[in-house]
file my_file_8.pdb (PDB, C-alpha atoms and all ligand atoms)
ATOM      1  CA  MET Q  13     -16.891  45.331 -60.374
ATOM      2  CA  LEU Q  14     -20.325  44.189 -59.253
ATOM      3  CA  ASP Q  15     -19.597  45.747 -55.858
ATOM      4  CA  ILE Q  16     -21.426  43.038 -53.930
ATOM      5  CA  ASN Q  17     -21.480  43.679 -50.211
ATOM      6  CA  THR Q  18     -21.750  40.154 -48.751
ATOM      7  CA  GLU Q  19     -19.855  37.789 -46.455
ATOM      8  CA  ILE Q  20     -20.580  34.398 -48.000
ATOM      9  CA  ILE Q  21     -23.059  34.561 -50.879
ATOM     10  CA  GLY Q  22     -21.368  35.638 -54.114
ATOM     11  CA  ARG Q  23     -17.760  35.367 -52.889
ATOM     12  CA  LYS Q  24     -17.317  33.883 -56.334
ATOM     13  CA  VAL Q  25     -19.676  34.541 -59.240
ATOM     14  CA  ILE Q  26     -19.590  32.434 -62.395
ATOM     15  CA  TYR Q  27     -21.429  34.252 -65.177
ATOM     16  CA  LEU Q  28     -22.413  32.503 -68.387
ATOM     17  CA  GLN Q  29     -24.309  33.879 -71.355
ATOM     18  CA  GLU Q  30     -25.964  30.513 -71.875
ATOM     19  CA  VAL Q  31     -26.124  27.206 -70.033
ATOM     20  CA  GLU Q  32     -28.319  24.098 -69.985
ATOM     21  CA  SER Q  33     -29.312  24.635 -66.354
ATOM     22  CA  THR Q  34     -27.481  26.547 -63.618
ATOM     23  CA  ASN Q  35     -28.594  23.891 -61.096
ATOM     24  CA  GLU Q  36     -27.140  21.030 -63.158
ATOM     25  CA  LEU Q  37     -23.809  22.837 -63.525
ATOM     26  CA  ALA Q  38     -23.778  23.828 -59.852
ATOM     27  CA  LYS Q  39     -24.297  20.194 -58.772
ATOM     28  CA  LYS Q  40     -21.417  19.112 -61.012
ATOM     29  CA  ILE Q  41     -18.916  21.606 -59.608
ATOM     30  CA  ALA Q  42     -20.226  21.741 -56.020
ATOM     31  CA  PRO Q  43     -17.789  19.177 -54.542
ATOM     32  CA  GLN Q  44     -14.803  21.338 -55.579
ATOM     33  CA  GLU Q  45     -16.293  24.771 -54.908
ATOM     34  CA  GLU Q  46     -16.312  26.718 -51.677
ATOM     35  CA  GLU Q  47     -19.716  27.688 -50.349
ATOM     36  CA  GLY Q  48     -21.265  30.901 -51.562
ATOM     37  CA  THR Q  49     -20.315  30.351 -55.204
ATOM     38  CA  ILE Q  50     -23.003  31.565 -57.606
ATOM     39  CA  ILE Q  51     -23.682  30.460 -61.143
ATOM     40  CA  VAL Q  52     -25.798  32.941 -63.075
ATOM     41  CA  ALA Q  53     -26.785  32.785 -66.732
ATOM     42  CA  ASP Q  54     -28.644  35.014 -69.189
ATOM     43  CA  ILE Q  55     -30.370  32.056 -70.822
ATOM     44  CA  GLN Q  56     -31.010  28.467 -69.729
ATOM     45  CA  ARG Q  57     -31.633  26.021 -72.543
ATOM     46  CA  ARG Q  58     -33.038  23.371 -70.223
ATOM     47  CA  GLY Q  59     -34.131  25.157 -67.055
ATOM     48  CA  ARG Q  60     -35.893  22.791 -64.673
ATOM     49  CA  GLY Q  61     -38.594  23.080 -62.068
ATOM     50  CA  ARG Q  62     -39.625  20.513 -59.512
ATOM     51  CA  LYS Q  63     -40.548  17.045 -60.736
ATOM     52  CA  LEU Q  64     -38.433  17.607 -63.872
ATOM     53  CA  ARG Q  65     -40.868  20.226 -65.154
ATOM     54  CA  LYS Q  66     -39.602  22.716 -67.688
ATOM     55  CA  TRP Q  67     -38.634  26.179 -66.429
ATOM     56  CA  ILE Q  68     -38.829  28.761 -69.222
ATOM     57  CA  SER Q  69     -35.633  30.850 -69.015
ATOM     58  CA  PRO Q  70     -35.202  33.389 -71.821
ATOM     59  CA  LYS Q  71     -33.022  36.512 -71.741
ATOM     60  CA  GLY Q  72     -34.149  39.177 -69.273
ATOM     61  CA  GLY Q  73     -34.781  36.896 -66.280
ATOM     62  CA  LEU Q  74     -32.577  36.094 -63.306
ATOM     63  CA  TRP Q  75     -31.561  32.442 -63.456
ATOM     64  CA  MET Q  76     -29.070  31.522 -60.770
ATOM     65  CA  SER Q  77     -27.888  28.799 -58.414
ATOM     66  CA  VAL Q  78     -25.949  29.123 -55.200
ATOM     67  CA  ILE Q  79     -23.758  26.417 -53.698
ATOM     68  CA  LEU Q  80     -24.005  26.051 -49.910
ATOM     69  CA  LYS Q  81     -22.265  23.760 -47.451
ATOM     70  CA  PRO Q  82     -23.932  24.376 -44.102
ATOM     71  CA  ASN Q  83     -22.788  22.314 -41.160
ATOM     72  CA  VAL Q  84     -26.300  21.548 -39.884
ATOM     73  CA  HIS Q  85     -28.515  18.589 -39.097
ATOM     74  CA  LEU Q  86     -30.564  17.279 -42.022
ATOM     75  CA  VAL Q  87     -33.823  18.453 -40.406
ATOM     76  CA  HIS Q  88     -32.834  22.057 -41.118
ATOM     77  CA  ILE Q  89     -32.182  21.638 -44.847
ATOM     78  CA  THR Q  90     -35.741  22.335 -46.064
ATOM     79  CA  LYS Q  91     -35.605  25.714 -44.329
ATOM     80  CA  LEU Q  92     -33.058  26.825 -46.944
ATOM     81  CA  VAL Q  93     -35.946  27.136 -49.403
ATOM     82  CA  PHE Q  94     -37.603  29.440 -46.840
ATOM     83  CA  VAL Q  95     -34.375  31.449 -46.561
ATOM     84  CA  SER Q  96     -34.364  31.900 -50.358
ATOM     85  CA  ALA Q  97     -38.054  32.800 -50.521
ATOM     86  CA  LEU Q  98     -37.588  35.436 -47.811
ATOM     87  CA  ALA Q  99     -34.645  36.931 -49.701
ATOM     88  CA  VAL Q 100     -36.731  37.048 -52.893
ATOM     89  CA  VAL Q 101     -39.727  38.663 -51.186
ATOM     90  CA  GLU Q 102     -37.509  41.295 -49.551
ATOM     91  CA  THR Q 103     -35.816  41.969 -52.890
ATOM     92  CA  LEU Q 104     -39.191  42.428 -54.587
ATOM     93  CA  ALA Q 105     -40.161  44.853 -51.800
ATOM     94  CA  GLU Q 106     -37.071  46.982 -52.604
ATOM     95  CA  PHE Q 107     -38.603  47.455 -56.055
ATOM     96  CA  GLY Q 108     -42.064  48.211 -54.671
ATOM     97  CA  ILE Q 109     -43.550  44.772 -55.336
ATOM     98  CA  GLU Q 110     -45.474  42.809 -52.710
ATOM     99  CA  GLY Q 111     -44.665  39.108 -53.024
ATOM    100  CA  LYS Q 112     -46.298  36.242 -51.146
ATOM    101  CA  ILE Q 113     -44.723  32.868 -50.463
ATOM    102  CA  LYS Q 114     -46.551  29.724 -51.551
ATOM    103  CA  TRP Q 115     -45.373  26.619 -49.739
ATOM    104  CA  PRO Q 116     -43.095  24.982 -50.527
ATOM    105  CA  ASN Q 117     -41.129  26.748 -53.235
ATOM    106  CA  ASP Q 118     -42.893  29.568 -55.081
ATOM    107  CA  VAL Q 119     -43.161  33.321 -54.742
ATOM    108  CA  LEU Q 120     -46.386  34.801 -56.078
ATOM    109  CA  VAL Q 121     -47.563  38.256 -57.026
ATOM    110  CA  ASN Q 122     -51.280  38.672 -57.613
ATOM    111  CA  ARG Q 123     -51.545  34.881 -57.262
ATOM    112  CA  LYS Q 124     -49.213  34.377 -60.233
ATOM    113  CA  LYS Q 125     -45.758  32.841 -60.027
ATOM    114  CA  ILE Q 126     -42.945  35.390 -60.244
ATOM    115  CA  CYS Q 127     -40.259  33.107 -58.822
ATOM    116  CA  GLY Q 128     -39.591  29.402 -58.384
ATOM    117  CA  ILE Q 129     -36.970  27.849 -56.129
ATOM    118  CA  LEU Q 130     -35.395  24.446 -56.638
ATOM    119  CA  SER Q 131     -33.343  22.999 -53.796
ATOM    120  CA  GLU Q 132     -31.187  19.967 -54.533
ATOM    121  CA  GLY Q 133     -28.254  18.475 -52.737
ATOM    122  CA  LYS Q 134     -26.147  15.621 -51.524
ATOM    123  CA  TYR Q 135     -26.504  14.617 -47.913
ATOM    124  CA  SER Q 136     -26.337  11.593 -45.677
ATOM    125  CA  THR Q 137     -28.193  11.200 -42.392
ATOM    126  CA  ASP Q 138     -25.410  12.846 -40.415
ATOM    127  CA  SER Q 139     -23.782  15.304 -42.782
ATOM    128  CA  VAL Q 140     -24.454  17.675 -45.641
ATOM    129  CA  GLU Q 141     -22.007  17.581 -48.529
ATOM    130  CA  TYR Q 142     -23.625  20.426 -50.438
ATOM    131  CA  VAL Q 143     -26.940  22.104 -51.219
ATOM    132  CA  VAL Q 144     -27.692  23.841 -54.494
ATOM    133  CA  LEU Q 145     -30.398  26.468 -54.320
ATOM    134  CA  GLY Q 146     -31.729  27.356 -57.744
ATOM    135  CA  ILE Q 147     -33.671  30.584 -58.021
ATOM    136  CA  GLY Q 148     -35.586  31.612 -61.133
ATOM    137  CA  LEU Q 149     -36.998  35.134 -60.969
ATOM    138  CA  ASN Q 150     -38.980  36.646 -63.842
ATOM    139  CA  VAL Q 151     -37.545  40.156 -64.146
ATOM    140  CA  ASN Q 152     -37.709  41.668 -67.657
ATOM    141  CA  ASN Q 153     -38.277  38.440 -69.601
ATOM    142  CA  GLU Q 154     -41.386  37.885 -71.686
ATOM    143  CA  ILE Q 155     -43.837  35.378 -70.227
ATOM    144  CA  PRO Q 156     -44.986  32.883 -72.885
ATOM    145  CA  VAL Q 157     -48.651  33.302 -73.834
ATOM    146  CA  ASP Q 158     -49.621  29.861 -72.519
ATOM    147  CA  LEU Q 159     -48.274  30.759 -69.056
ATOM    148  CA  LEU Q 160     -49.858  34.216 -68.780
ATOM    149  CA  ASP Q 161     -52.580  32.898 -66.454
ATOM    150  CA  VAL Q 162     -50.058  31.458 -63.990
ATOM    151  CA  ALA Q 163     -46.831  33.432 -64.385
ATOM    152  CA  ILE Q 164     -45.820  37.094 -64.107
ATOM    153  CA  SER Q 165     -42.613  39.174 -64.314
ATOM    154  CA  MET Q 166     -41.399  42.219 -62.365
ATOM    155  CA  LYS Q 167     -41.669  44.219 -65.602
ATOM    156  CA  ASP Q 168     -45.315  43.220 -66.013
ATOM    157  CA  VAL Q 169     -46.140  44.179 -62.418
ATOM    158  CA  LEU Q 170     -44.376  47.550 -62.572
ATOM    159  CA  GLY Q 171     -45.028  48.479 -66.182
ATOM    160  CA  PHE Q 172     -41.339  49.203 -66.783
ATOM    161  CA  ARG Q 173     -38.045  47.297 -66.972
ATOM    162  CA  VAL Q 174     -35.813  47.097 -63.918
ATOM    163  CA  PRO Q 175     -31.991  46.893 -64.030
ATOM    164  CA  LEU Q 176     -31.286  43.151 -63.823
ATOM    165  CA  VAL Q 177     -27.911  43.656 -62.181
ATOM    166  CA  GLU Q 178     -29.544  45.683 -59.380
ATOM    167  CA  VAL Q 179     -32.028  42.881 -58.755
ATOM    168  CA  PHE Q 180     -29.137  40.387 -58.703
ATOM    169  CA  ARG Q 181     -27.046  42.467 -56.268
ATOM    170  CA  ASN Q 182     -30.041  42.994 -54.001
ATOM    171  CA  LEU Q 183     -30.938  39.329 -53.981
ATOM    172  CA  LEU Q 184     -27.376  38.276 -53.101
ATOM    173  CA  GLU Q 185     -27.308  40.731 -50.201
ATOM    174  CA  LYS Q 186     -30.663  39.546 -48.829
ATOM    175  CA  LEU Q 187     -29.672  35.928 -49.288
ATOM    176  CA  ASP Q 188     -26.435  36.581 -47.414
ATOM    177  CA  LYS Q 189     -28.284  38.261 -44.531
ATOM    178  CA  TRP Q 190     -30.776  35.396 -44.163
ATOM    179  CA  TYR Q 191     -28.150  32.685 -44.644
ATOM    180  CA  LEU Q 192     -25.998  34.176 -41.870
ATOM    181  CA  ARG Q 193     -29.063  34.121 -39.592
ATOM    182  CA  TYR Q 194     -29.667  30.501 -40.626
ATOM    183  CA  LEU Q 195     -26.069  29.516 -39.796
ATOM    184  CA  ASP Q 196     -26.526  31.297 -36.484
ATOM    185  CA  GLY Q 197     -29.463  28.986 -35.710
ATOM    186  CA  GLN Q 198     -32.123  31.708 -35.856
ATOM    187  CA  TYR Q 199     -34.687  29.201 -37.109
ATOM    188  CA  ALA Q 200     -37.629  30.596 -35.139
ATOM    189  CA  LEU Q 201     -37.110  34.011 -36.739
ATOM    190  CA  ILE Q 202     -36.944  32.458 -40.211
ATOM    191  CA  LEU Q 203     -40.206  30.562 -39.647
ATOM    192  CA  GLU Q 204     -41.947  33.626 -38.195
ATOM    193  CA  GLU Q 205     -40.927  35.877 -41.084
ATOM    194  CA  TRP Q 206     -41.833  33.170 -43.580
ATOM    195  CA  LYS Q 207     -45.305  32.931 -42.040
ATOM    196  CA  ALA Q 208     -45.714  36.706 -42.195
ATOM    197  CA  TYR Q 209     -45.223  36.591 -45.976
ATOM    198  CA  SER Q 210     -47.092  33.337 -46.518
ATOM    199  CA  ALA Q 211     -49.843  33.118 -49.118
ATOM    200  CA  VAL Q 212     -51.125  29.887 -47.563
ATOM    201  CA  ILE Q 213     -51.339  30.203 -43.763
ATOM    202  CA  GLY Q 214     -54.983  30.599 -42.768
ATOM    203  CA  LYS Q 215     -56.199  29.561 -46.224
ATOM    204  CA  GLU Q 216     -58.166  26.527 -47.264
ATOM    205  CA  VAL Q 217     -55.909  24.418 -49.464
ATOM    206  CA  ARG Q 218     -55.865  21.171 -51.394
ATOM    207  CA  ILE Q 219     -52.763  18.999 -51.229
ATOM    208  CA  VAL Q 220     -52.553  16.844 -54.321
ATOM    209  CA  GLY Q 221     -50.335  13.768 -54.196
ATOM    210  CA  ASP Q 222     -49.970  10.812 -56.557
ATOM    211  CA  ASN Q 223     -52.685   8.758 -54.890
ATOM    212  CA  GLU Q 224     -54.524  11.038 -52.531
ATOM    213  CA  GLU Q 225     -55.879  14.494 -52.053
ATOM    214  CA  ILE Q 226     -56.123  16.248 -48.698
ATOM    215  CA  ILE Q 227     -58.337  19.252 -48.096
ATOM    216  CA  GLY Q 228     -57.957  21.443 -45.035
ATOM    217  CA  THR Q 229     -56.790  24.745 -43.663
ATOM    218  CA  ALA Q 230     -53.066  25.534 -43.595
ATOM    219  CA  VAL Q 231     -52.407  26.537 -39.994
ATOM    220  CA  ASP Q 232     -48.664  26.496 -39.453
ATOM    221  CA  VAL Q 233     -45.252  25.430 -40.635
ATOM    222  CA  SER Q 234     -42.957  23.120 -38.632
ATOM    223  CA  ASP Q 235     -39.298  23.317 -37.837
ATOM    224  CA  ASP Q 236     -38.708  20.546 -40.396
ATOM    225  CA  GLY Q 237     -40.314  22.686 -43.131
ATOM    226  CA  SER Q 238     -43.514  20.658 -43.302
ATOM    227  CA  LEU Q 239     -46.874  22.413 -43.634
ATOM    228  CA  ILE Q 240     -49.442  21.707 -40.928
ATOM    229  CA  ILE Q 241     -52.985  21.273 -42.197
ATOM    230  CA  ALA Q 242     -56.093  21.201 -40.015
ATOM    231  CA  LEU Q 243     -58.526  18.689 -41.490
ATOM    232  CA  LYS Q 244     -62.305  19.176 -41.298
ATOM    233  CA  ASP Q 245     -62.522  16.987 -38.167
ATOM    234  CA  GLY Q 246     -59.872  19.115 -36.467
ATOM    235  CA  THR Q 247     -57.036  16.599 -36.802
ATOM    236  CA  LEU Q 248     -53.674  18.109 -37.662
ATOM    237  CA  LYS Q 249     -51.655  16.586 -40.491
ATOM    238  CA  LYS Q 250     -48.086  17.316 -41.518
ATOM    239  CA  ILE Q 251     -47.399  17.631 -45.226
ATOM    240  CA  TYR Q 252     -43.812  17.090 -46.288
ATOM    241  CA  TYR Q 253     -41.994  18.772 -49.159
ATOM    242  CA  GLY Q 254     -41.842  16.136 -51.852
ATOM    243  CA  ASP Q 255     -44.033  15.014 -54.671
ATOM    244  CA  VAL Q 256     -47.085  16.948 -53.561
ATOM    245  CA  SER Q 257     -48.635  20.092 -55.012
ATOM    246  CA  LEU Q 258     -50.568  22.731 -53.126
ATOM    247  CA  ARG Q 259     -53.668  24.231 -54.706
ATOM    248  CA  PHE Q 260     -55.928  26.941 -53.321
ATOM    249  CA  SER Q 261     -59.454  25.551 -52.894
TER     250      SER Q 261
HETATM  251  P1  LIG F   1     -46.343  22.734 -57.629
HETATM  252  O1  LIG F   1     -47.512  23.318 -56.929
HETATM  253  O2  LIG F   1     -46.324  21.252 -57.673
HETATM  254  O3  LIG F   1     -45.036  23.333 -57.191
HETATM  255  P2  LIG F   1     -46.084  24.237 -60.023
HETATM  256  O4  LIG F   1     -47.043  24.438 -61.138
HETATM  257  O5  LIG F   1     -45.702  25.430 -59.211
HETATM  258  O6  LIG F   1     -46.617  23.091 -59.116
HETATM  259  P3  LIG F   1     -43.347  23.626 -60.312
HETATM  260  O7  LIG F   1     -42.739  22.332 -60.645
HETATM  261  O8  LIG F   1     -43.111  24.199 -58.963
HETATM  262  O9  LIG F   1     -44.863  23.535 -60.630
HETATM  263  O10 LIG F   1     -42.847  24.699 -61.345
HETATM  264  C1  LIG F   1     -42.764  24.416 -62.707
HETATM  265  C2  LIG F   1     -43.962  25.028 -63.394
HETATM  266  O11 LIG F   1     -43.725  26.421 -63.488
HETATM  267  C3  LIG F   1     -44.144  24.566 -64.793
HETATM  268  O12 LIG F   1     -45.069  23.540 -64.846
HETATM  269  C4  LIG F   1     -44.649  25.805 -65.538
HETATM  270  O13 LIG F   1     -46.053  25.801 -65.580
HETATM  271  C5  LIG F   1     -44.258  26.953 -64.673
HETATM  272  N1  LIG F   1     -43.201  27.778 -65.284
HETATM  273  C6  LIG F   1     -42.241  27.453 -66.176
HETATM  274  N2  LIG F   1     -41.440  28.494 -66.438
HETATM  275  C7  LIG F   1     -41.902  29.515 -65.687
HETATM  276  C8  LIG F   1     -41.485  30.848 -65.493
HETATM  277  N3  LIG F   1     -40.426  31.373 -66.106
HETATM  278  N4  LIG F   1     -42.219  31.594 -64.623
HETATM  279  C9  LIG F   1     -43.289  31.111 -63.969
HETATM  280  N5  LIG F   1     -43.719  29.864 -64.101
HETATM  281  C10 LIG F   1     -43.031  29.062 -64.942
HETATM  282  C1  LIG F   2     -40.097  25.463 -59.525
HETATM  283  O1  LIG F   2     -40.908  26.380 -59.378
HETATM  284  O2  LIG F   2     -40.442  24.292 -59.703
HETATM  285  C2  LIG F   2     -38.639  25.766 -59.387
HETATM  286  C3  LIG F   2     -38.094  26.530 -60.559
HETATM  287  C4  LIG F   2     -36.611  26.775 -60.394
HETATM  288  C5  LIG F   2     -35.985  27.468 -61.557
HETATM  289  C6  LIG F   2     -34.553  27.817 -61.299
HETATM  290  S1  LIG F   2     -33.858  28.870 -62.555
HETATM  291  C7  LIG F   2     -32.238  28.601 -61.925
HETATM  292  C8  LIG F   2     -32.157  27.134 -61.522
HETATM  293  N1  LIG F   2     -31.776  26.300 -62.650
HETATM  294  C9  LIG F   2     -32.753  25.462 -63.008
HETATM  295  O3  LIG F   2     -32.706  24.656 -63.951
HETATM  296  N2  LIG F   2     -33.816  25.624 -62.203
HETATM  297  C10 LIG F   2     -33.585  26.641 -61.199
END

call {"tool": "encode", "arguments": {"input": "my_file_8.pdb", "output": "structure tokens", "more": "lines below"}}
Ligand code: ATP
Ligand code: BTN
result
Amino acid sequence: MLDINTEIIGRKVIYLQEVESTNELAKKIAPQEEEGTIIVADIQRRGRGRKLRKWISPKGGLWMSVILKPNVHLVHITKLVFVSALAVVETLAEFGIEGKIKWPNDVLVNRKKICGILSEGKYSTDSVEYVVLGIGLNVNNEIPVDLLDVAISMKDVLGFRVPLVEVFRNLLEKLDKWYLRYLDGQYALILEEWKAYSAVIGKEVRIVGDNEEIIGTAVDVSDDGSLIIALKDGTLKKIYYGDVSLRFS
């Protein structure tokens, strides 16, 4: 009925009018589900961002999670956020919108957040049980007034509403394409494309952690998903996805 043309992503789609959080539900059912299963909801009552931040999820947006079970080494897991960001940026391009990727997990348009990605999972050092990739894309939803400085929707960029189901279908197809490349070990291509769309490479940035702040120029991204920063004295430092925030200086 949705006519989704994919191999893995969206083999099964669970649609709900309302849910607490698609990521929470996906984590609950992941052990029993085959990979590629999608949970998508019109409204999330308790959508979450990183660090347990609130993700505003009213009707009109695309709030979804995908369950993956890749048979890869742990070092490759962070690149799944890159895979998702690439799929989002390519989907935006289909609708005439130029998105930029902000390490580690945001997609920006005009420096405002149009999409956030939340990757969670269960893994041990030698195997991956499952990964849940949560994608929140502002499509036709209203952005709350207090977020207007930092958030934007596709509708606000274009000046008109876009068919949500078309955005969903497009995103699943792009995700499928990039996930198949990922499973095929095309990591170098993923990193290269990610860099091409990056909002941070070549920019002076501030990395804010709990106890320290690092200022430098973002120069590259590593195979393990870490961001490489050149400090003022020329030393290179790797910043790992975790409890750090990136700010533009
Ligand atoms: P960081 O740089 O640490 O990732 P962040 O501000 O991007 O910081 P996240 O945890 O990634 O924070 O994302 C959650 C933040 O996103 C919230 O603090 C809120 O400001 C913002 N937010 C919440 N709902 C939306 C939405 N629908 N669209 C855009 N931004 C949102
Ligand atoms: C972030 O920017 O911190 C990530 C935001 C992720 C939001 C999506 S919406 C679908 C999925 N369910 C959630 O509760 N969060 C993610």

call {"tool": "closest_residue", "arguments": {"input": "my_file_8.pdb", "among": "Q:Leu64, Q:Leu183, Q:Val212, Q:Val256", "to": "Q:Asn17", "atoms": "all atoms listed in the file"}}
result
Q:Leu183

call {"tool": "residues_near_ligand", "arguments": {"input": "my_file_8.pdb", "ligand": "ligand LIG 2 (chain F)", "cutoff": "10 Å", "atoms": "all atoms listed in the file", "output": "PyMOL selection string"}}
result
chain Q and resi 31-38+51-53+55-69+73-78+116-119+125-132+144-150

call {"tool": "atom_distance", "arguments": {"input": "my_file_8.pdb", "atom1": "atom CA of Q:Leu184", "atom2": "atom CA of Q:Asp255"}}
result
28.7 Å

call {"tool": "residues_around", "arguments": {"input": "my_file_8.pdb", "residues": "Q:Ile241", "least_positions_apart": "5", "cutoff": "6 Å", "atoms": "all atoms listed in the file", "output": "list in words"}}
result
Gly228, Thr229, Ala230, Val231, Leu248 and Lys249 of chain Q

call {"tool": "closest_residue", "arguments": {"input": "my_file_8.pdb", "among": "Q:Ser234, Q:Thr18, Q:Ser139, Q:Thr103", "to": "Q:Phe180", "atoms": "all atoms listed in the file"}}
result
Q:Thr103

call {"tool": "resolve_selection", "arguments": {"input": "my_file_8.pdb", "expression": "the PyMOL selection byres (((chain Q and resi 191-204) around 9) and not hetatm)", "output": "short mmCIF file (atom, residue, chain, number, x, y, z; two decimals) with C-alpha atoms, keeping the file's coordinate frame"}}
result
data_model
loop_
_atom_site.label_atom_id
_atom_site.label_comp_id
_atom_site.auth_asym_id
_atom_site.auth_seq_id
_atom_site.Cartn_x
_atom_site.Cartn_y
_atom_site.Cartn_z
CA GLU Q 19 -19.86 37.79 -46.46
CA ILE Q 20 -20.58 34.40 -48.00
CA ILE Q 21 -23.06 34.56 -50.88
CA PRO Q 82 -23.93 24.38 -44.10
CA ASN Q 83 -22.79 22.31 -41.16
CA VAL Q 84 -26.30 21.55 -39.88
CA HIS Q 88 -32.83 22.06 -41.12
CA LYS Q 91 -35.60 25.71 -44.33
CA LEU Q 92 -33.06 26.82 -46.94
CA PHE Q 94 -37.60 29.44 -46.84
CA VAL Q 95 -34.38 31.45 -46.56
CA SER Q 96 -34.36 31.90 -50.36
CA LEU Q 98 -37.59 35.44 -47.81
CA LYS Q 186 -30.66 39.55 -48.83
CA LEU Q 187 -29.67 35.93 -49.29
CA ASP Q 188 -26.44 36.58 -47.41
CA LYS Q 189 -28.28 38.26 -44.53
CA TRP Q 190 -30.78 35.40 -44.16
CA GLU Q 205 -40.93 35.88 -41.08
CA TRP Q 206 -41.83 33.17 -43.58
CA LYS Q 207 -45.30 32.93 -42.04
CA ALA Q 208 -45.71 36.71 -42.20
CA TYR Q 209 -45.22 36.59 -45.98
CA VAL Q 233 -45.25 25.43 -40.64
CA SER Q 234 -42.96 23.12 -38.63
CA ASP Q 235 -39.30 23.32 -37.84
CA GLY Q 237 -40.31 22.69 -43.13
#

call {"tool": "atom_distance", "arguments": {"input": "my_file_8.pdb", "atom1": "atom CA of Q:Gly171", "atom2": "atom C8 of ligand LIG 1 (chain F)"}}
result
18.0 Å

call {"tool": "residues_around", "arguments": {"input": "my_file_8.pdb", "residues": "Q:Ser136", "least_positions_apart": "4", "cutoff": "12 Å", "atoms": "all atoms listed in the file", "output": "list in words"}}
result
Val84, His85, Leu86, Val87, Ile89, Val140, Glu141, Tyr142 and Val143 of chain Q

call {"tool": "axis_aligned_box", "arguments": {"input": "my_file_8.pdb", "around": "stretch 33-51 of chain Q", "padding_each_side": "5 Å", "output": "AutoDock Vina command-line options"}}
result
--center_x -22.1 --center_y 25.3 --center_z -58.4 --size_x 24.5 --size_y 22.5 --size_z 26.0

call {"tool": "atom_distance", "arguments": {"input": "my_file_8.pdb", "atom1": "atom CA of Q:Trp115", "atom2": "atom CA of Q:Ser165"}}
result
19.4 Å

call {"tool": "build_atoms", "arguments": {"input": "my_file_8.pdb", "residues": "stretch 143-154 of chain Q", "atoms": "N, CA and C atoms", "output": "PDB file, in the frame of the given file"}}
result
ATOM      1  N   VAL Q 143     -25.569  21.806 -50.821  1.00  0.00           N
ATOM      2  CA  VAL Q 143     -26.940  22.104 -51.219  1.00  0.00           C
ATOM      3  C   VAL Q 143     -26.842  23.106 -52.369  1.00  0.00           C
ATOM      4  N   VAL Q 144     -27.627  22.877 -53.401  1.00  0.00           N
ATOM      5  CA  VAL Q 144     -27.692  23.841 -54.494  1.00  0.00           C
ATOM      6  C   VAL Q 144     -29.088  24.458 -54.467  1.00  0.00           C
ATOM      7  N   LEU Q 145     -29.113  25.769 -54.322  1.00  0.00           N
ATOM      8  CA  LEU Q 145     -30.398  26.468 -54.320  1.00  0.00           C
ATOM      9  C   LEU Q 145     -30.546  27.177 -55.651  1.00  0.00           C
ATOM     10  N   GLY Q 146     -31.496  26.735 -56.442  1.00  0.00           N
ATOM     11  CA  GLY Q 146     -31.729  27.356 -57.744  1.00  0.00           C
ATOM     12  C   GLY Q 146     -32.879  28.344 -57.637  1.00  0.00           C
ATOM     13  N   ILE Q 147     -32.637  29.551 -58.096  1.00  0.00           N
ATOM     14  CA  ILE Q 147     -33.671  30.584 -58.021  1.00  0.00           C
ATOM     15  C   ILE Q 147     -33.940  31.112 -59.429  1.00  0.00           C
ATOM     16  N   GLY Q 148     -35.190  31.066 -59.833  1.00  0.00           N
ATOM     17  CA  GLY Q 148     -35.586  31.612 -61.133  1.00  0.00           C
ATOM     18  C   GLY Q 148     -36.566  32.737 -60.882  1.00  0.00           C
ATOM     19  N   LEU Q 149     -36.150  33.967 -61.225  1.00  0.00           N
ATOM     20  CA  LEU Q 149     -36.998  35.134 -60.969  1.00  0.00           C
ATOM     21  C   LEU Q 149     -37.297  35.823 -62.309  1.00  0.00           C
ATOM     22  N   ASN Q 150     -38.587  35.958 -62.605  1.00  0.00           N
ATOM     23  CA  ASN Q 150     -38.980  36.646 -63.842  1.00  0.00           C
ATOM     24  C   ASN Q 150     -38.798  38.143 -63.628  1.00  0.00           C
ATOM     25  N   VAL Q 151     -37.843  38.733 -64.333  1.00  0.00           N
ATOM     26  CA  VAL Q 151     -37.545  40.156 -64.146  1.00  0.00           C
ATOM     27  C   VAL Q 151     -38.055  40.940 -65.365  1.00  0.00           C
ATOM     28  N   ASN Q 152     -37.275  40.933 -66.458  1.00  0.00           N
ATOM     29  CA  ASN Q 152     -37.709  41.668 -67.657  1.00  0.00           C
ATOM     30  C   ASN Q 152     -38.076  40.718 -68.793  1.00  0.00           C
ATOM     31  N   ASN Q 153     -38.007  39.423 -68.539  1.00  0.00           N
ATOM     32  CA  ASN Q 153     -38.277  38.440 -69.601  1.00  0.00           C
ATOM     33  C   ASN Q 153     -39.754  38.409 -69.978  1.00  0.00           C
ATOM     34  N   GLU Q 154     -39.998  38.030 -71.217  1.00  0.00           N
ATOM     35  CA  GLU Q 154     -41.386  37.885 -71.686  1.00  0.00           C
ATOM     36  C   GLU Q 154     -41.943  36.570 -71.155  1.00  0.00           C
TER      37      GLU Q 154
END
